[in-house]
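Q: Let me give you the structure first, and then I'll get to my questions.
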Number of protein chains: 2
Amino acid sequence: MKSDRSAGKVTLADVGRVANVSAITVSRALRKPEMVSPKLRQRIEEIVEQLGYVPDPVARALASDRTDVIGVLIPSVTNSVFADVLRGIYAGVEGSPFSVQFGNTRYSVLEEERLLRVFLSQRPAGLIVSGIDQSETSRALLMQARCPVVQIMEMGPAPVDMMVGFSHFDAAYDATRHLIAGGYQRIAFLGARMDPRTQRRLEGYTQAVKEAGLFDEGLIITTPRASTVGLGCQLLSDLMARTQKIDAIFCNNDDLALGVLFECQRRRIAVPDEIGLCGFNDLEMMAVANPPITSVRTFRQEMGRRAVEMVLARIAGKDVPQPVVDLRYELMPRLSTRGQERLRRGA
Amino acid sequence: MKSDRSAGKVTLADVGRVANVSAITVSRALRKPEMVSPKLRQRIEEIVEQLGYVPDPVARALASDRTDVIGVLIPSVTNSVFADVLRGIYAGVEGSPFSVQFGNTRYSVLEEERLLRVFLSQRPAGLIVSGIDQSETSRALLMQARCPVVQIMEMGPAPVDMMVGFSHFDAAYDATRHLIAGGYQRIAFLGARMDPRTQRRLEGYTQAVKEAGLFDEGLIITTPRASTVGLGCQLLSDLMARTQKIDAIFCNNDDLALGVLFECQRRRIAVPDEIGLCGFNDLEMMAVANPPITSVRTFRQEMGRRAVEMVLARIAGKDVPQPVVDLRYELMPRLSTRGQERLRRGA
DNA sequence: TTGACAAATGACAGCGCTAACATTTGTATG
DNA sequence: CATACAAATGTTAGCGCTGTCATTTGTCAA
């Protein structure tokens, strides 16, 4: 007795009946066309069209023990950095039969672990996870995963499988060196959220200022709060309340840098003449701010796209020649860090 | 012969075997606990824990003809407006057994239709779609959908099912009225992307300036390009090249407004004394910009949260007393639109 | 104690599809 | 024309779960 729940639903068997072939042949005509004779294949395609048959991915998943879903775990949906990564991921699956399922870990290692279990129970075709700081359990789960895995955002010594990212330490180190080379001596660091990547940027900054003999713990201000433009304003105020002797600020991201710029404008502190300013990520607005703000460009969309490419290549059984890709970064020097230079020139 | 593909996978039957009950009883203990005696239920829960049983959503979906997935169709992942909506949606499903599947329509009605078919073939528990401008076919698909449907972002006369949004026309109308009330006479409109919601904001602006006898087509600049801060700079330049007689600018969103502010700073045009500036959406940065920028606050997270709440209520069989929710908006007057006022006071 | 009825549990079938193996058909070769 | 072998198609048996109906167990009134 056929229940009515699937009212109107056309199945492979229905198509087969009309075409006078078995369901499996229809399945093959659609999934592995080269296994079916061209003539029959065409006839089946017509009938599929005519009956409006739509394959049922759920049944397919159960029978074949796999899905066409690539799972993506990211810590935040609002952060524009991850929004860019997502865009790259979308661009990557575009045109392929694969779809994307996101999970928001909210910067929690435990939530990541939970989501990982959920995702793995759904037989993903591939997994893309953020960062390299998974819990031991998560790492184990990923190692056991019977699908390609890509870690994105960072570089690290022991990839679970594949990896696309860049060194936040190096990026921050270079940015700080740029400030030092520009003649700045009292370089503050403003950090929000303090997730692992921010931490490593702080380490890069620290190493650079220490090497130059410019380290001063009093110049570092961090907060676990999520970074916003308003927070940038406030952190600058905190910093000014603590010490006036600052000649540059390295912000752990562009939101903070923008807030610092606004607050400087309000306090009539000239950027870059009195204070140099450097952000991180090079959001679109940095180049058009007034003054344009120096930042470290990171290749966020590219990261997403590459990660998907690697997953797809592996699914297709291709060999991935470079399973660990360092996308690097690019320092974008702009007016906001030319203060000392201008002073010297007497500008 | 059991194939090895499900190596290590624990099934309901496995749990049942250990508990000396049938698989269906285990299923009930987990899904409908009130149907199983408390004692047995607890024993089963222990064994589930011990064996590490994880329910298989795919098998469940096939057997029960339904999933715990709420499908969400939005036009963009990078636009921070939608990122906020997503955050609200996430907050809404938090703690429920439901998960979210996104589809990115990229502002294309055809892509929306395609994704809708894909989603519907997966038996969603609910659907959330953006806007009210679906194609005829999409509308028909949505009407036939055997799950709750919520349209978000806008208000419209004929909801497919449920609806949460606000009137973009009214919001823009009120913002423009605010500028007019502030004494501005030559009010320009800057619009990017020109999706249906932007169009309606333009209509609201147009109606307000027409009513006040201040309409001038030459003051309207639009572009199909996606809005960015840099685009705001450029549109201001275009506007200034066309006419110098402007005393206020209503930007169709905050990115543009920020760009306009930067460009004004560069051109030494005082905001608000020479030009009043109003944005749309009230992104966090507007309040802390220099000067703070007047904007229209929209309740984006709230919109996502409410949409999910409505879907969940309907799934739970509850009656949704208010299937159409107008979330309104709030004008946030700030310094950037107090130019005429200051002039009069001689500031 | 018995019967009536509710509560608790089970047996069975099937969701729509595909893996694995089986069979038929076509084609070239000696 | 028989043989060998590849190409094309079919049969069978599930995947892991839940809907439906059947059965067993427990509870209480008469």
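In the structure tokens, chains take the letters A, B, ... in the order shown, each chain's residues start at 1, and ligands count up from 1 in the order shown.
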Please check the contacts: residues of chain B at most 10 Å away from chain C, using only C-alpha atoms (C1' of nucleotides), listed as a PDB file with C-alpha atoms, in the first residue's frame.

A:
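Contents of selection08.pdb, as written:
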ATOM      1  CA  SER B   3      29.412  -4.202   3.968  1.00  0.00           C
ATOM      2  CA  VAL B  21      14.636  -3.831  23.194  1.00  0.00           C
ATOM      3  CA  SER B  22      13.714  -3.265  19.585  1.00  0.00           C
ATOM      4  CA  ALA B  23      15.171  -0.497  17.482  1.00  0.00           C
ATOM      5  CA  ILE B  24      11.853   1.279  17.303  1.00  0.00           C
ATOM      6  CA  THR B  25      11.727   1.578  21.057  1.00  0.00           C
ATOM      7  CA  MET B  35       5.977   7.131  24.995  1.00  0.00           C
ATOM      8  CA  VAL B  36       8.627   5.106  26.792  1.00  0.00           C
ATOM      9  CA  SER B  37       8.653   4.219  30.466  1.00  0.00           C
ATOM     10  CA  ALA B  59      17.948   7.916   7.252  1.00  0.00           C
ATOM     11  CA  ARG B  60      15.531   9.784   9.426  1.00  0.00           C
ATOM     12  CA  ALA B  61      14.683  12.146   6.618  1.00  0.00           C
ATOM     13  CA  LEU B  62      14.056   9.326   4.199  1.00  0.00           C
ATOM     14  CA  ALA B  63      11.897   7.358   6.584  1.00  0.00           C
ATOM     15  CA  SER B  64       9.867  10.214   7.965  1.00  0.00           C
ATOM     16  CA  ASP B  65       9.751  12.351   4.844  1.00  0.00           C
TER      17      ASP B  65
END

Q: Taking only C-alpha atoms into account, report as a PDB file with N, CA, C and O atoms, in the first residue's frame which residues of chain B lie within 9 Å of chain A.

A:
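Listed below is the output, out-v2.pdb:
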ATOM      1  N   ARG B   5      31.319  -0.412   4.717  1.00  0.00           N
ATOM      2  CA  ARG B   5      31.294   1.032   4.504  1.00  0.00           C
ATOM      3  C   ARG B   5      30.871   1.784   5.764  1.00  0.00           C
ATOM      4  O   ARG B   5      31.289   2.887   6.015  1.00  0.00           O
ATOM      5  N   SER B   6      29.994   1.125   6.513  1.00  0.00           N
ATOM      6  CA  SER B   6      29.500   1.789   7.713  1.00  0.00           C
ATOM      7  C   SER B   6      30.370   1.419   8.910  1.00  0.00           C
ATOM      8  O   SER B   6      29.899   1.336  10.032  1.00  0.00           O
ATOM      9  N   VAL B  54      25.016   8.212  17.346  1.00  0.00           N
ATOM     10  CA  VAL B  54      24.617   9.497  16.779  1.00  0.00           C
ATOM     11  C   VAL B  54      23.516   9.232  15.743  1.00  0.00           C
ATOM     12  O   VAL B  54      23.726   8.468  14.811  1.00  0.00           O
ATOM     13  N   PRO B  55      22.346   9.823  15.935  1.00  0.00           N
ATOM     14  CA  PRO B  55      21.246   9.580  14.989  1.00  0.00           C
ATOM     15  C   PRO B  55      21.662   9.960  13.572  1.00  0.00           C
ATOM     16  O   PRO B  55      22.443  10.895  13.383  1.00  0.00           O
ATOM     17  N   ASP B  56      21.164   9.249  12.632  1.00  0.00           N
ATOM     18  CA  ASP B  56      21.485   9.528  11.242  1.00  0.00           C
ATOM     19  C   ASP B  56      20.361  10.352  10.620  1.00  0.00           C
ATOM     20  O   ASP B  56      19.285   9.843  10.337  1.00  0.00           O
ATOM     21  N   PRO B  57      20.623  11.637  10.414  1.00  0.00           N
ATOM     22  CA  PRO B  57      19.551  12.506   9.916  1.00  0.00           C
ATOM     23  C   PRO B  57      19.106  12.125   8.511  1.00  0.00           C
ATOM     24  O   PRO B  57      17.966  12.381   8.133  1.00  0.00           O
ATOM     25  N   VAL B  58      19.994  11.532   7.749  1.00  0.00           N
ATOM     26  CA  VAL B  58      19.644  11.176   6.379  1.00  0.00           C
ATOM     27  C   VAL B  58      18.621  10.043   6.384  1.00  0.00           C
ATOM     28  O   VAL B  58      17.584  10.114   5.719  1.00  0.00           O
ATOM     29  N   ALA B  59      18.891   9.039   7.160  1.00  0.00           N
ATOM     30  CA  ALA B  59      17.948   7.916   7.252  1.00  0.00           C
ATOM     31  C   ALA B  59      16.627   8.405   7.825  1.00  0.00           C
ATOM     32  O   ALA B  59      15.549   8.019   7.370  1.00  0.00           O
ATOM     33  N   ALA B  61      15.389  11.350   7.611  1.00  0.00           N
ATOM     34  CA  ALA B  61      14.683  12.146   6.618  1.00  0.00           C
ATOM     35  C   ALA B  61      13.976  11.247   5.613  1.00  0.00           C
ATOM     36  O   ALA B  61      12.820  11.483   5.250  1.00  0.00           O
ATOM     37  N   LEU B  62      14.650  10.205   5.201  1.00  0.00           N
ATOM     38  CA  LEU B  62      14.056   9.326   4.199  1.00  0.00           C
ATOM     39  C   LEU B  62      12.832   8.602   4.771  1.00  0.00           C
ATOM     40  O   LEU B  62      11.794   8.488   4.126  1.00  0.00           O
ATOM     41  N   ASP B  65      10.104  11.378   5.867  1.00  0.00           N
ATOM     42  CA  ASP B  65       9.751  12.351   4.844  1.00  0.00           C
ATOM     43  C   ASP B  65       9.842  13.780   5.359  1.00  0.00           C
ATOM     44  O   ASP B  65       9.050  14.634   4.962  1.00  0.00           O
ATOM     45  N   SER B  76      22.895  37.849  -0.764  1.00  0.00           N
ATOM     46  CA  SER B  76      24.319  38.177  -0.649  1.00  0.00           C
ATOM     47  C   SER B  76      24.843  37.701   0.698  1.00  0.00           C
ATOM     48  O   SER B  76      24.147  37.785   1.704  1.00  0.00           O
ATOM     49  N   VAL B  77      26.061  37.197   0.708  1.00  0.00           N
ATOM     50  CA  VAL B  77      26.661  36.858   2.001  1.00  0.00           C
ATOM     51  C   VAL B  77      27.581  37.937   2.513  1.00  0.00           C
ATOM     52  O   VAL B  77      27.852  38.014   3.691  1.00  0.00           O
ATOM     53  N   THR B  78      28.063  38.776   1.616  1.00  0.00           N
ATOM     54  CA  THR B  78      29.037  39.780   2.042  1.00  0.00           C
ATOM     55  C   THR B  78      28.381  41.035   2.594  1.00  0.00           C
ATOM     56  O   THR B  78      28.913  41.667   3.488  1.00  0.00           O
ATOM     57  N   ASN B  79      27.239  41.370   2.049  1.00  0.00           N
ATOM     58  CA  ASN B  79      26.519  42.538   2.527  1.00  0.00           C
ATOM     59  C   ASN B  79      26.247  42.414   4.030  1.00  0.00           C
ATOM     60  O   ASN B  79      25.638  41.463   4.485  1.00  0.00           O
ATOM     61  N   SER B  80      26.713  43.406   4.778  1.00  0.00           N
ATOM     62  CA  SER B  80      26.620  43.262   6.232  1.00  0.00           C
ATOM     63  C   SER B  80      25.179  43.254   6.715  1.00  0.00           C
ATOM     64  O   SER B  80      24.881  42.747   7.795  1.00  0.00           O
ATOM     65  N   PHE B  82      22.747  41.515   5.409  1.00  0.00           N
ATOM     66  CA  PHE B  82      22.327  40.123   5.440  1.00  0.00           C
ATOM     67  C   PHE B  82      23.125  39.312   6.452  1.00  0.00           C
ATOM     68  O   PHE B  82      22.617  38.370   7.036  1.00  0.00           O
ATOM     69  N   ALA B  83      24.357  39.721   6.663  1.00  0.00           N
ATOM     70  CA  ALA B  83      25.148  39.051   7.693  1.00  0.00           C
ATOM     71  C   ALA B  83      24.457  39.208   9.040  1.00  0.00           C
ATOM     72  O   ALA B  83      24.409  38.262   9.838  1.00  0.00           O
ATOM     73  N   ASP B  84      23.886  40.369   9.286  1.00  0.00           N
ATOM     74  CA  ASP B  84      23.162  40.584  10.543  1.00  0.00           C
ATOM     75  C   ASP B  84      21.898  39.731  10.605  1.00  0.00           C
ATOM     76  O   ASP B  84      21.570  39.161  11.639  1.00  0.00           O
ATOM     77  N   LEU B  86      21.457  36.922   9.144  1.00  0.00           N
ATOM     78  CA  LEU B  86      21.928  35.556   9.378  1.00  0.00           C
ATOM     79  C   LEU B  86      22.210  35.328  10.848  1.00  0.00           C
ATOM     80  O   LEU B  86      21.867  34.285  11.406  1.00  0.00           O
ATOM     81  N   ARG B  87      22.843  36.300  11.443  1.00  0.00           N
ATOM     82  CA  ARG B  87      23.154  36.170  12.855  1.00  0.00           C
ATOM     83  C   ARG B  87      21.873  35.987  13.664  1.00  0.00           C
ATOM     84  O   ARG B  87      21.799  35.146  14.553  1.00  0.00           O
ATOM     85  N   TYR B  90      20.606  32.486  13.151  1.00  0.00           N
ATOM     86  CA  TYR B  90      21.382  31.563  13.977  1.00  0.00           C
ATOM     87  C   TYR B  90      20.932  31.615  15.430  1.00  0.00           C
ATOM     88  O   TYR B  90      20.759  30.591  16.082  1.00  0.00           O
ATOM     89  N   SER B  99      18.543  22.952  12.037  1.00  0.00           N
ATOM     90  CA  SER B  99      19.740  23.571  11.493  1.00  0.00           C
ATOM     91  C   SER B  99      19.340  24.403  10.278  1.00  0.00           C
ATOM     92  O   SER B  99      18.209  24.358   9.821  1.00  0.00           O
ATOM     93  N   VAL B 100      20.301  25.146   9.787  1.00  0.00           N
ATOM     94  CA  VAL B 100      20.023  26.132   8.752  1.00  0.00           C
ATOM     95  C   VAL B 100      20.832  25.803   7.508  1.00  0.00           C
ATOM     96  O   VAL B 100      21.984  25.422   7.594  1.00  0.00           O
ATOM     97  N   GLN B 101      20.187  25.925   6.377  1.00  0.00           N
ATOM     98  CA  GLN B 101      20.924  25.770   5.120  1.00  0.00           C
ATOM     99  C   GLN B 101      20.725  27.037   4.301  1.00  0.00           C
ATOM    100  O   GLN B 101      19.593  27.411   3.987  1.00  0.00           O
ATOM    101  N   PHE B 102      21.835  27.689   3.944  1.00  0.00           N
ATOM    102  CA  PHE B 102      21.736  28.934   3.203  1.00  0.00           C
ATOM    103  C   PHE B 102      21.850  28.731   1.714  1.00  0.00           C
ATOM    104  O   PHE B 102      22.546  27.845   1.259  1.00  0.00           O
ATOM    105  N   GLY B 103      21.195  29.571   0.990  1.00  0.00           N
ATOM    106  CA  GLY B 103      21.406  29.636  -0.442  1.00  0.00           C
ATOM    107  C   GLY B 103      21.599  31.088  -0.817  1.00  0.00           C
ATOM    108  O   GLY B 103      20.902  31.959  -0.310  1.00  0.00           O
ATOM    109  N   ASN B 104      22.560  31.330  -1.681  1.00  0.00           N
ATOM    110  CA  ASN B 104      22.903  32.683  -2.073  1.00  0.00           C
ATOM    111  C   ASN B 104      22.334  32.956  -3.462  1.00  0.00           C
ATOM    112  O   ASN B 104      22.811  32.422  -4.449  1.00  0.00           O
ATOM    113  N   ARG B 117      13.971  25.186  -5.951  1.00  0.00           N
ATOM    114  CA  ARG B 117      13.706  23.806  -6.355  1.00  0.00           C
ATOM    115  C   ARG B 117      14.614  22.838  -5.616  1.00  0.00           C
ATOM    116  O   ARG B 117      14.181  21.796  -5.139  1.00  0.00           O
ATOM    117  N   VAL B 118      15.890  23.211  -5.557  1.00  0.00           N
ATOM    118  CA  VAL B 118      16.850  22.354  -4.850  1.00  0.00           C
ATOM    119  C   VAL B 118      16.409  22.184  -3.399  1.00  0.00           C
ATOM    120  O   VAL B 118      16.322  21.069  -2.883  1.00  0.00           O
ATOM    121  N   SER B 121      13.304  20.089  -2.860  1.00  0.00           N
ATOM    122  CA  SER B 121      13.494  18.652  -3.061  1.00  0.00           C
ATOM    123  C   SER B 121      14.117  18.002  -1.835  1.00  0.00           C
ATOM    124  O   SER B 121      14.245  16.791  -1.771  1.00  0.00           O
ATOM    125  N   GLN B 122      14.496  18.820  -0.878  1.00  0.00           N
ATOM    126  CA  GLN B 122      15.142  18.259   0.315  1.00  0.00           C
ATOM    127  C   GLN B 122      14.237  18.286   1.532  1.00  0.00           C
ATOM    128  O   GLN B 122      14.707  18.164   2.651  1.00  0.00           O
ATOM    129  N   THR B 228      29.902  50.190  -2.045  1.00  0.00           N
ATOM    130  CA  THR B 228      31.110  50.108  -1.232  1.00  0.00           C
ATOM    131  C   THR B 228      31.411  51.516  -0.740  1.00  0.00           C
ATOM    132  O   THR B 228      30.816  52.485  -1.222  1.00  0.00           O
ATOM    133  N   VAL B 229      32.352  51.601   0.178  1.00  0.00           N
ATOM    134  CA  VAL B 229      32.742  52.918   0.671  1.00  0.00           C
ATOM    135  C   VAL B 229      33.372  53.722  -0.461  1.00  0.00           C
ATOM    136  O   VAL B 229      33.057  54.905  -0.667  1.00  0.00           O
ATOM    137  N   GLY B 230      34.225  53.064  -1.220  1.00  0.00           N
ATOM    138  CA  GLY B 230      34.876  53.734  -2.343  1.00  0.00           C
ATOM    139  C   GLY B 230      33.864  54.263  -3.348  1.00  0.00           C
ATOM    140  O   GLY B 230      34.038  55.357  -3.909  1.00  0.00           O
ATOM    141  N   CYS B 233      32.579  57.566  -2.317  1.00  0.00           N
ATOM    142  CA  CYS B 233      33.487  58.654  -2.678  1.00  0.00           C
ATOM    143  C   CYS B 233      33.254  59.053  -4.123  1.00  0.00           C
ATOM    144  O   CYS B 233      33.140  60.237  -4.450  1.00  0.00           O
ATOM    145  N   ASP B 255      27.406  52.359   3.768  1.00  0.00           N
ATOM    146  CA  ASP B 255      28.711  52.297   3.115  1.00  0.00           C
ATOM    147  C   ASP B 255      28.915  53.538   2.261  1.00  0.00           C
ATOM    148  O   ASP B 255      29.945  54.202   2.330  1.00  0.00           O
ATOM    149  N   LEU B 258      29.475  56.628   4.344  1.00  0.00           N
ATOM    150  CA  LEU B 258      30.825  56.743   4.886  1.00  0.00           C
ATOM    151  C   LEU B 258      31.778  57.242   3.807  1.00  0.00           C
ATOM    152  O   LEU B 258      32.630  58.115   4.053  1.00  0.00           O
ATOM    153  N   GLY B 259      31.626  56.718   2.603  1.00  0.00           N
ATOM    154  CA  GLY B 259      32.455  57.166   1.482  1.00  0.00           C
ATOM    155  C   GLY B 259      32.252  58.645   1.219  1.00  0.00           C
ATOM    156  O   GLY B 259      33.216  59.387   0.985  1.00  0.00           O
ATOM    157  N   PHE B 262      34.132  60.638   3.828  1.00  0.00           N
ATOM    158  CA  PHE B 262      35.578  60.700   3.573  1.00  0.00           C
ATOM    159  C   PHE B 262      35.885  61.666   2.437  1.00  0.00           C
ATOM    160  O   PHE B 262      36.818  62.464   2.507  1.00  0.00           O
ATOM    161  N   GLU B 263      35.086  61.580   1.391  1.00  0.00           N
ATOM    162  CA  GLU B 263      35.347  62.428   0.231  1.00  0.00           C
ATOM    163  C   GLU B 263      35.111  63.901   0.584  1.00  0.00           C
ATOM    164  O   GLU B 263      35.838  64.774   0.137  1.00  0.00           O
ATOM    165  N   GLN B 265      35.578  65.167   3.514  1.00  0.00           N
ATOM    166  CA  GLN B 265      36.742  65.573   4.305  1.00  0.00           C
ATOM    167  C   GLN B 265      37.883  65.952   3.378  1.00  0.00           C
ATOM    168  O   GLN B 265      38.547  66.976   3.561  1.00  0.00           O
ATOM    169  N   ARG B 266      38.099  65.140   2.370  1.00  0.00           N
ATOM    170  CA  ARG B 266      39.193  65.405   1.434  1.00  0.00           C
ATOM    171  C   ARG B 266      38.979  66.717   0.682  1.00  0.00           C
ATOM    172  O   ARG B 266      39.906  67.457   0.430  1.00  0.00           O
ATOM    173  N   GLU B 284      26.912  49.968  12.918  1.00  0.00           N
ATOM    174  CA  GLU B 284      27.507  50.381  14.185  1.00  0.00           C
ATOM    175  C   GLU B 284      28.417  51.606  14.053  1.00  0.00           C
ATOM    176  O   GLU B 284      28.452  52.484  14.908  1.00  0.00           O
ATOM    177  N   MET B 285      29.123  51.672  12.946  1.00  0.00           N
ATOM    178  CA  MET B 285      30.110  52.747  12.810  1.00  0.00           C
ATOM    179  C   MET B 285      29.498  54.137  12.673  1.00  0.00           C
ATOM    180  O   MET B 285      30.165  55.131  12.939  1.00  0.00           O
ATOM    181  N   ALA B 287      27.415  55.809  14.404  1.00  0.00           N
ATOM    182  CA  ALA B 287      27.318  56.575  15.646  1.00  0.00           C
ATOM    183  C   ALA B 287      28.670  57.112  16.096  1.00  0.00           C
ATOM    184  O   ALA B 287      28.729  58.095  16.826  1.00  0.00           O
ATOM    185  N   VAL B 288      29.739  56.486  15.655  1.00  0.00           N
ATOM    186  CA  VAL B 288      31.054  56.886  16.139  1.00  0.00           C
ATOM    187  C   VAL B 288      31.887  57.586  15.067  1.00  0.00           C
ATOM    188  O   VAL B 288      33.033  57.924  15.290  1.00  0.00           O
ATOM    189  N   ALA B 289      31.305  57.743  13.887  1.00  0.00           N
ATOM    190  CA  ALA B 289      32.032  58.452  12.839  1.00  0.00           C
ATOM    191  C   ALA B 289      32.217  59.900  13.284  1.00  0.00           C
ATOM    192  O   ALA B 289      31.653  60.325  14.298  1.00  0.00           O
ATOM    193  N   ASN B 290      32.983  60.642  12.496  1.00  0.00           N
ATOM    194  CA  ASN B 290      33.264  62.017  12.852  1.00  0.00           C
ATOM    195  C   ASN B 290      32.920  62.931  11.693  1.00  0.00           C
ATOM    196  O   ASN B 290      33.657  62.982  10.722  1.00  0.00           O
ATOM    197  N   PRO B 291      31.829  63.640  11.707  1.00  0.00           N
ATOM    198  CA  PRO B 291      30.819  63.661  12.773  1.00  0.00           C
ATOM    199  C   PRO B 291      29.972  62.399  12.729  1.00  0.00           C
ATOM    200  O   PRO B 291      29.945  61.731  11.703  1.00  0.00           O
TER     201      PRO B 291
END

Q: Listing only residues of chain D within 12 Å of chain B, what is the closest atom pair and its distance in Å (to one decimal) for each, using only C-alpha atoms (C1' of nucleotides), sorted by chain and residue number ascending, as a Markdown table?

A:
| residue | atom | partner | partner_atom | distance |
| --- | --- | --- | --- | --- |
| D:DA13 | C1' | B:Met1 | CA | 9.7 |
| D:DG14 | C1' | B:Lys2 | CA | 9.1 |
| D:DC15 | C1' | B:Ala59 | CA | 7.7 |
| D:DG16 | C1' | B:Ala59 | CA | 4.9 |
| D:DC17 | C1' | B:Arg60 | CA | 4.9 |
| D:DT18 | C1' | B:Ala63 | CA | 5.4 |
| D:DG19 | C1' | B:Ser64 | CA | 7.7 |
| D:DG26 | C1' | B:Ser37 | CA | 11.8 |

Q: Enumerate as a PyMOL selection string all residues of region 32-146 of chain B assigned to helix (DSSP H, G or I) by DSSP on the backbone, naming them with the chain letters and numbers the document uses.

A: chain B and resi 33-35+38-51+57-64+80-93+109-120+136-144

Q: Can you pull out every residue from region 189-261 of chain A that DSSP, working from the backbone, puts in strand (DSSP E or B), and format the result as a list in words?

A: Phe189, Leu190, Gly191, Ala192, Ile220, Ile221, Thr222, Thr223, Ala248, Ile249, Phe250 and Cys251 of chain A

Q: One decimal, Å: what's the distance from CA of Val129 (chain A) over to CA of Ala316 (chain A), could you say?

A: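 CA of Ala316 (chain A) lies 20.1 Å from CA of Val129 (chain A).
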
Q: C1' of DT25 (chain D) to CA of Pro38 (chain B): how many Å, to one decimal?

A: 15.4 Å

Q: Using only C-alpha atoms, which of the listed residues (A:Ala158, A:Leu115, A:Ile220, A:Met303) sits closest to Ile89 (chain A)?

A: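 For Ile89 (chain A), the nearest of the candidates is A:Met303.
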
Q: What separation in Å, quoted to one decimal, exists between CA of Phe215 (chain A) and CA of Arg186 (chain A)?

A: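 Straight-line distance from CA of Phe215 (chain A) to CA of Arg186 (chain A) works out to 8.4 Å.
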
Q: Determine, counting only C-alpha atoms (C1' of nucleotides), which protein, DNA and RNA residues have an atom within 9 Å of an atom of Ser130 (chain B); residues of the same chain fewer than 2 positions away are not included. Present the result as a list in words.

A: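 Close residues of Ser130 (chain B): Val72, Leu73, Ile74, Pro75, Ile128, Ile132, Asp133, Gln134, Val150, Gln151, Ile152, Met153 and Glu154 of chain B.
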
Q: Restricting the output to N, CA, C and O atoms, write the selected residues as a compact mmCIF listing (two decimals), in the first residue's frame.

A:
# COMPACT_ATOMS: atom_id res chain seq x y z
N VAL B 72 17.25 28.90 3.96
CA VAL B 72 17.26 30.37 3.95
C VAL B 72 17.84 30.87 2.64
O VAL B 72 18.95 30.49 2.27
N LEU B 73 17.09 31.66 1.93
CA LEU B 73 17.59 32.22 0.68
C LEU B 73 17.84 33.71 0.85
O LEU B 73 16.91 34.48 1.14
N ILE B 74 19.09 34.11 0.69
CA ILE B 74 19.43 35.53 0.78
C ILE B 74 20.23 35.92 -0.45
O ILE B 74 20.85 35.08 -1.09
N PRO B 75 20.20 37.22 -0.80
CA PRO B 75 20.84 37.64 -2.05
C PRO B 75 22.34 37.82 -1.97
O PRO B 75 22.99 37.91 -2.99
N ILE B 128 12.85 30.40 4.60
CA ILE B 128 12.90 31.84 4.80
C ILE B 128 13.48 32.44 3.53
O ILE B 128 14.57 32.06 3.11
N ILE B 132 10.00 40.36 -1.57
CA ILE B 132 8.65 40.02 -2.02
C ILE B 132 8.57 39.99 -3.53
O ILE B 132 7.51 39.96 -4.12
N ASP B 133 9.76 39.98 -4.17
CA ASP B 133 9.78 40.06 -5.63
C ASP B 133 10.17 38.74 -6.28
O ASP B 133 10.95 38.71 -7.23
N GLN B 134 9.65 37.66 -5.75
CA GLN B 134 9.94 36.37 -6.37
C GLN B 134 9.30 36.30 -7.75
O GLN B 134 8.34 37.01 -8.05
N VAL B 150 8.51 32.03 5.40
CA VAL B 150 8.51 33.43 5.85
C VAL B 150 9.26 34.28 4.83
O VAL B 150 10.37 33.94 4.43
N GLN B 151 8.65 35.34 4.42
CA GLN B 151 9.34 36.34 3.60
C GLN B 151 9.88 37.41 4.54
O GLN B 151 9.15 37.90 5.40
N ILE B 152 11.14 37.74 4.38
CA ILE B 152 11.73 38.74 5.27
C ILE B 152 12.21 39.95 4.49
O ILE B 152 12.20 39.96 3.27
N MET B 153 12.61 40.96 5.19
CA MET B 153 13.22 42.19 4.66
C MET B 153 12.21 43.29 4.35
O MET B 153 12.51 44.46 4.51
N GLU B 154 11.04 42.90 3.87
CA GLU B 154 10.11 43.93 3.40
C GLU B 154 8.70 43.66 3.86
O GLU B 154 8.38 42.57 4.34

Q: List as a ChimeraX atom specification the protein and nucleic acid residues near Phe166 (chain A), meaning an atom at most 9 Å away when only C-alpha atoms (C1' of nucleotides) are counted, but skip any in the same chain fewer than 4 places from it.

A: /A:152-156,170-171,298-299,325-329

Q: If you count only C-alpha atoms (C1' of nucleotides), which residues fall within 10 Å of Val26 (chain A), apart from same-chain ones fewer than 5 positions away, as a list in words?

A: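 With the cut-off at 10 Å, the set is Leu12, Ala13, Asp14, Val15, Gly16, Arg17, Ala19, Val21, Arg31, Lys32, Pro33, Val36, Leu40, Arg41, Ile44, Glu45 and Val48 of chain A.
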
Q: B:Asp174, B:Leu141, B:Lys318, B:Ile293: which is nearest Leu335 (chain B), counting only C-alpha atoms?

A: B:Ile293
